[in-house]
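**Q** Structure below; questions to follow.
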Amino acid sequence: MLERRVNLDGRAATADVPRISVGGLRMAALDLEATADFMIEATDPRHRIGRPLYLTSANGEVLARCSTEPQTERLFRAADLINADGQPLVTVSKLQSWFPLPERVATTDLFHVVARKAEAAGRTFYMFGASEAENTAAVENVRSLYPNLKIVGYSHGYLRGDALRAKVEEINALAPDYLWIALGVPNEQAFVEEYAPQLTNVGVIKTSGGLFNFLSGSRSRAPQWMQKIGLEWVWRTWLEPRRLFWRYLTTNPRALYLLFSRNRPFNR
């Protein structure tokens, strides 16, 4: 396991994590198991840094948006660690780099690996985001899958103003080791920027996109063969054509261009 030197700026906490630049963003060159181990180690009381570590994920859509939306790019570059949640990113890195990404780290897979480890280690979860029905169903299913996992709280993500500020105070008082936040890009990243300074008792914030929809059972993953060859977006478009067809039509070509023009090894 990597030895980490932790200080209050948080950067030394991830300084020894190998990285590669993919499509213009610095990605952690860690596999699924190593990422989960990193998250467990980061919540060890000896490694707390006085603020939550901010972990997020990027796929082709994120690369495309970061290249055209300066605000979104800034929010992603502020992350302590970015995982590659897209098989094309992994495939292209293996074609172009002597130091490629080892595998895709999908948040929908990472959640379960971390949950098993957290259950054994006594770590705690807070699940924030999605609609009230989706959030409740996701929590119920997680509790069924991991009966010894400590979920100290949960809430839907449709809060604004004073209600949201009160919820942030509540989350901090509960002091979860992991805050899984599912508000979609770039809302969840903007949430981290605004509220992380107030969440000093939280160990790790992991942005989660549509994670709770999969945990609730309202959405299904693509078959494994489609995931392995980078076609999960096709499956998702087939399930939600009105919402996703135009998005992928406009972002996929740009993402491919970025993947083949902005990849290089990165040591830090």
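Chain labels run A, B, ... following the order of the structure tokens; each chain numbers its residues from 1, and ligands are numbered from 1 in the order shown.
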Find the residues around Leu25 in chain A up to 9 Å (only C-alpha atoms counted), leave out those fewer than 4 positions away in its own chain, and share them as a VMD selection string.

**A** chain A and resid 20 to 21 58 63 66 73 76 to 77 82 262 to 263

**Q** So that I can see what lies close to Glu170 in chain A, please list as a ChimeraX atom specification the residues with an atom at most 12 Å from it, counting only C-alpha atoms and leaving out residues fewer than 4 positions away in the same chain.

**A** /A:126,128,152-155,163-166,174-176,198-199,201-202

**Q** Would you write out those residues with N, CA and C atoms, as an mmCIF file, in the first residue's frame?

**A**
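And here is the file that came out, out-v3.cif:
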```cif
data_model
loop_
_atom_site.group_PDB
_atom_site.id
_atom_site.type_symbol
_atom_site.label_atom_id
_atom_site.label_comp_id
_atom_site.auth_asym_id
_atom_site.auth_seq_id
_atom_site.Cartn_x
_atom_site.Cartn_y
_atom_site.Cartn_z
ATOM 1 N N TYR A 126 -22.946 8.460 4.512
ATOM 2 C CA TYR A 126 -24.120 9.329 4.355
ATOM 3 C C TYR A 126 -24.395 9.385 2.867
ATOM 4 N N PHE A 128 -26.451 11.279 -0.066
ATOM 5 C CA PHE A 128 -27.149 12.529 -0.352
ATOM 6 C C PHE A 128 -27.345 12.687 -1.858
ATOM 7 N N VAL A 152 -25.296 6.545 8.563
ATOM 8 C CA VAL A 152 -25.685 7.457 9.638
ATOM 9 C C VAL A 152 -26.749 8.463 9.206
ATOM 10 N N GLY A 153 -27.011 8.553 7.909
ATOM 11 C CA GLY A 153 -28.045 9.466 7.446
ATOM 12 C C GLY A 153 -28.178 9.436 5.942
ATOM 13 N N TYR A 154 -29.272 10.001 5.453
ATOM 14 C CA TYR A 154 -29.501 10.078 4.017
ATOM 15 C C TYR A 154 -30.536 11.155 3.734
ATOM 16 N N SER A 155 -30.484 11.687 2.525
ATOM 17 C CA SER A 155 -31.417 12.740 2.135
ATOM 18 C C SER A 155 -31.473 12.852 0.620
ATOM 19 N N ALA A 163 -32.863 25.318 3.766
ATOM 20 C CA ALA A 163 -33.009 23.874 3.966
ATOM 21 C C ALA A 163 -31.718 23.139 3.624
ATOM 22 N N LEU A 164 -31.053 23.563 2.571
ATOM 23 C CA LEU A 164 -29.793 22.940 2.182
ATOM 24 C C LEU A 164 -28.699 23.251 3.194
ATOM 25 N N ARG A 165 -28.637 24.487 3.626
ATOM 26 C CA ARG A 165 -27.614 24.858 4.614
ATOM 27 C C ARG A 165 -27.814 24.093 5.926
ATOM 28 N N ALA A 166 -29.070 23.905 6.321
ATOM 29 C CA ALA A 166 -29.356 23.134 7.534
ATOM 30 C C ALA A 166 -28.952 21.670 7.355
ATOM 31 N N LEU A 174 -23.183 14.700 12.009
ATOM 32 C CA LEU A 174 -23.191 13.240 11.993
ATOM 33 C C LEU A 174 -21.807 12.669 11.691
ATOM 34 N N ALA A 175 -20.945 13.483 11.089
ATOM 35 C CA ALA A 175 -19.535 13.136 10.849
ATOM 36 C C ALA A 175 -19.348 11.804 10.125
ATOM 37 N N PRO A 176 -19.972 11.617 8.964
ATOM 38 C CA PRO A 176 -19.755 10.361 8.243
ATOM 39 C C PRO A 176 -18.342 10.279 7.682
ATOM 40 N N GLN A 198 -17.340 23.630 5.136
ATOM 41 C CA GLN A 198 -18.190 23.500 6.318
ATOM 42 C C GLN A 198 -18.327 22.054 6.777
ATOM 43 N N LEU A 199 -17.789 21.122 6.000
ATOM 44 C CA LEU A 199 -17.943 19.700 6.314
ATOM 45 C C LEU A 199 -16.636 19.144 6.882
ATOM 46 N N ASN A 201 -15.964 17.571 9.501
ATOM 47 C CA ASN A 201 -16.019 16.277 10.174
ATOM 48 C C ASN A 201 -16.206 15.113 9.204
ATOM 49 N N VAL A 202 -16.282 15.408 7.915
ATOM 50 C CA VAL A 202 -16.448 14.373 6.893
ATOM 51 C C VAL A 202 -15.072 13.947 6.398
#
```

**Q** Extract, using only C-alpha atoms, all DNA, RNA and protein residues at most 10 Å from range 52-54 of chain A, discarding same-chain residues fewer than 6 positions from it, and format them as a count of residues only.

**A** 32

**Q** To one decimal place in Å, what is the distance between CA of Asn172 in chain A and CA of Glu132 in chain A?

**A**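 Those two atoms sit 20.4 Å apart.
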
**Q** According to DSSP computed on the backbone, where in range 11-217 of chain A is there strand (DSSP E or B)? Give the residues as a PyMOL selection string.

**A** chain A and resi 19-22+25-28+53-58+81-84+124-129+150-155+178-182+204-207

**Q** Could you save those same residues with C-alpha atoms as a PDB file, in the first residue's frame?

**A**
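Below you can see again09.pdb, which holds the result:
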```pdb
ATOM      1  CA  ARG A  19      -1.494   9.693 -12.391  1.00  0.00           C
ATOM      2  CA  ILE A  20      -1.766  10.019 -16.131  1.00  0.00           C
ATOM      3  CA  SER A  21      -3.191  12.892 -18.137  1.00  0.00           C
ATOM      4  CA  VAL A  22      -6.118  11.626 -20.210  1.00  0.00           C
ATOM      5  CA  LEU A  25      -7.520  15.820 -17.023  1.00  0.00           C
ATOM      6  CA  ARG A  26      -5.188  14.167 -14.522  1.00  0.00           C
ATOM      7  CA  MET A  27      -6.552  10.718 -13.693  1.00  0.00           C
ATOM      8  CA  ALA A  28      -5.558   8.397 -10.883  1.00  0.00           C
ATOM      9  CA  LEU A  53     -10.880  14.723   0.552  1.00  0.00           C
ATOM     10  CA  TYR A  54     -12.735  15.435  -2.686  1.00  0.00           C
ATOM     11  CA  LEU A  55     -12.917  12.494  -5.105  1.00  0.00           C
ATOM     12  CA  THR A  56     -14.730  12.672  -8.428  1.00  0.00           C
ATOM     13  CA  SER A  57     -14.895  10.742 -11.704  1.00  0.00           C
ATOM     14  CA  ALA A  58     -14.624  11.585 -15.383  1.00  0.00           C
ATOM     15  CA  LEU A  81      -8.408  12.594  -7.067  1.00  0.00           C
ATOM     16  CA  ILE A  82     -10.174  11.905 -10.382  1.00  0.00           C
ATOM     17  CA  ASN A  83     -11.065   8.339 -11.376  1.00  0.00           C
ATOM     18  CA  ALA A  84     -11.608   7.231 -14.964  1.00  0.00           C
ATOM     19  CA  THR A 124     -19.834   5.208   8.157  1.00  0.00           C
ATOM     20  CA  PHE A 125     -21.811   6.406   5.113  1.00  0.00           C
ATOM     21  CA  TYR A 126     -24.120   9.329   4.355  1.00  0.00           C
ATOM     22  CA  MET A 127     -26.048   9.172   1.062  1.00  0.00           C
ATOM     23  CA  PHE A 128     -27.149  12.529  -0.352  1.00  0.00           C
ATOM     24  CA  GLY A 129     -28.856  13.113  -3.674  1.00  0.00           C
ATOM     25  CA  LYS A 150     -23.336   2.006   9.277  1.00  0.00           C
ATOM     26  CA  ILE A 151     -25.438   4.495   7.286  1.00  0.00           C
ATOM     27  CA  VAL A 152     -25.685   7.457   9.638  1.00  0.00           C
ATOM     28  CA  GLY A 153     -28.045   9.466   7.446  1.00  0.00           C
ATOM     29  CA  TYR A 154     -29.501  10.078   4.017  1.00  0.00           C
ATOM     30  CA  SER A 155     -31.417  12.740   2.135  1.00  0.00           C
ATOM     31  CA  TYR A 178     -17.958   8.961   3.436  1.00  0.00           C
ATOM     32  CA  LEU A 179     -20.436  11.368   1.914  1.00  0.00           C
ATOM     33  CA  TRP A 180     -21.751   9.964  -1.369  1.00  0.00           C
ATOM     34  CA  ILE A 181     -23.296  12.869  -3.264  1.00  0.00           C
ATOM     35  CA  ALA A 182     -25.415  12.236  -6.364  1.00  0.00           C
ATOM     36  CA  VAL A 204     -14.203  11.745   2.005  1.00  0.00           C
ATOM     37  CA  ILE A 205     -16.735  13.254  -0.385  1.00  0.00           C
ATOM     38  CA  LYS A 206     -17.279  11.083  -3.467  1.00  0.00           C
ATOM     39  CA  THR A 207     -19.359  12.540  -6.284  1.00  0.00           C
TER      40      THR A 207
END
```

**Q** Name all residues at most 8 Å from Leu30 in chain A (count only C-alpha atoms; drop same-chain ones fewer than 4 positions away) and give them as an MDAnalysis selection string.

**A** chainID A and resid 17:18 34:35 83 101:103

**Q** Would you list, as a PyMOL selection string, the residues of range 78-214 of chain A that end up in helix (DSSP H, G or I) under DSSP run on this structure's backbone?

**A** chain A and resi 87-96+107-121+132-145+161-174+187-198+211-214

**Q** Report as a PDB file with C-alpha atoms, in the first residue's frame all protein, DNA and RNA residues lying within 10 Å of Val92 in chain A, evaluated on only C-alpha atoms, omitting residues in the same chain fewer than 2 positions from it.

**A**
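To be explicit, this is the file written out as out_39.pdb:
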```
ATOM      1  CA  VAL A  22      -6.118  11.626 -20.210  1.00  0.00           C
ATOM      2  CA  GLY A  23      -8.058  13.936 -22.479  1.00  0.00           C
ATOM      3  CA  GLN A  87     -13.790   2.381 -20.720  1.00  0.00           C
ATOM      4  CA  PRO A  88     -12.701   4.452 -23.762  1.00  0.00           C
ATOM      5  CA  LEU A  89     -10.382   6.445 -21.479  1.00  0.00           C
ATOM      6  CA  VAL A  90      -8.723   3.222 -20.346  1.00  0.00           C
ATOM      7  CA  LYS A  94      -3.280   1.671 -23.161  1.00  0.00           C
ATOM      8  CA  LEU A  95      -2.800   2.408 -26.853  1.00  0.00           C
ATOM      9  CA  GLN A  96      -0.835   5.592 -26.290  1.00  0.00           C
ATOM     10  CA  SER A  97       0.993   5.449 -22.986  1.00  0.00           C
ATOM     11  CA  PRO A 100      -1.776   3.447 -18.832  1.00  0.00           C
ATOM     12  CA  LEU A 101      -4.834   3.415 -16.651  1.00  0.00           C
ATOM     13  CA  LEU A 256     -12.570  11.137 -28.971  1.00  0.00           C
ATOM     14  CA  LEU A 259      -8.490  11.400 -25.996  1.00  0.00           C
ATOM     15  CA  PHE A 260      -6.215  11.169 -29.013  1.00  0.00           C
ATOM     16  CA  ASN A 263      -2.858  12.081 -23.387  1.00  0.00           C
TER      17      ASN A 263
END
```

**Q** Which one of A:Gly122, A:Leu258, A:Val105, A:Ser208 sits closest to Ala36 in chain A if you count only C-alpha atoms?

**A**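 Comparing A:Gly122, A:Leu258, A:Val105, A:Ser208 against Ala36 in chain A, the winner is A:Val105.
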
**Q** Could you list, with a cut-off of 12 Å and counting only C-alpha atoms, the residues of range 48-114 of chain A near range 137-147 of chain A, each shown with its nearest atom pair and the distance in Å rounded to one decimal, rows sorted by chain and ascending number, as CSV?

**A**
```
residue,atom,partner,partner_atom,distance
A:Phe111,CA,A:Val142,CA,9.9
A:His112,CA,A:Val142,CA,8.9
A:Val113,CA,A:Tyr146,CA,11.1
A:Val114,CA,A:Tyr146,CA,11.0
```
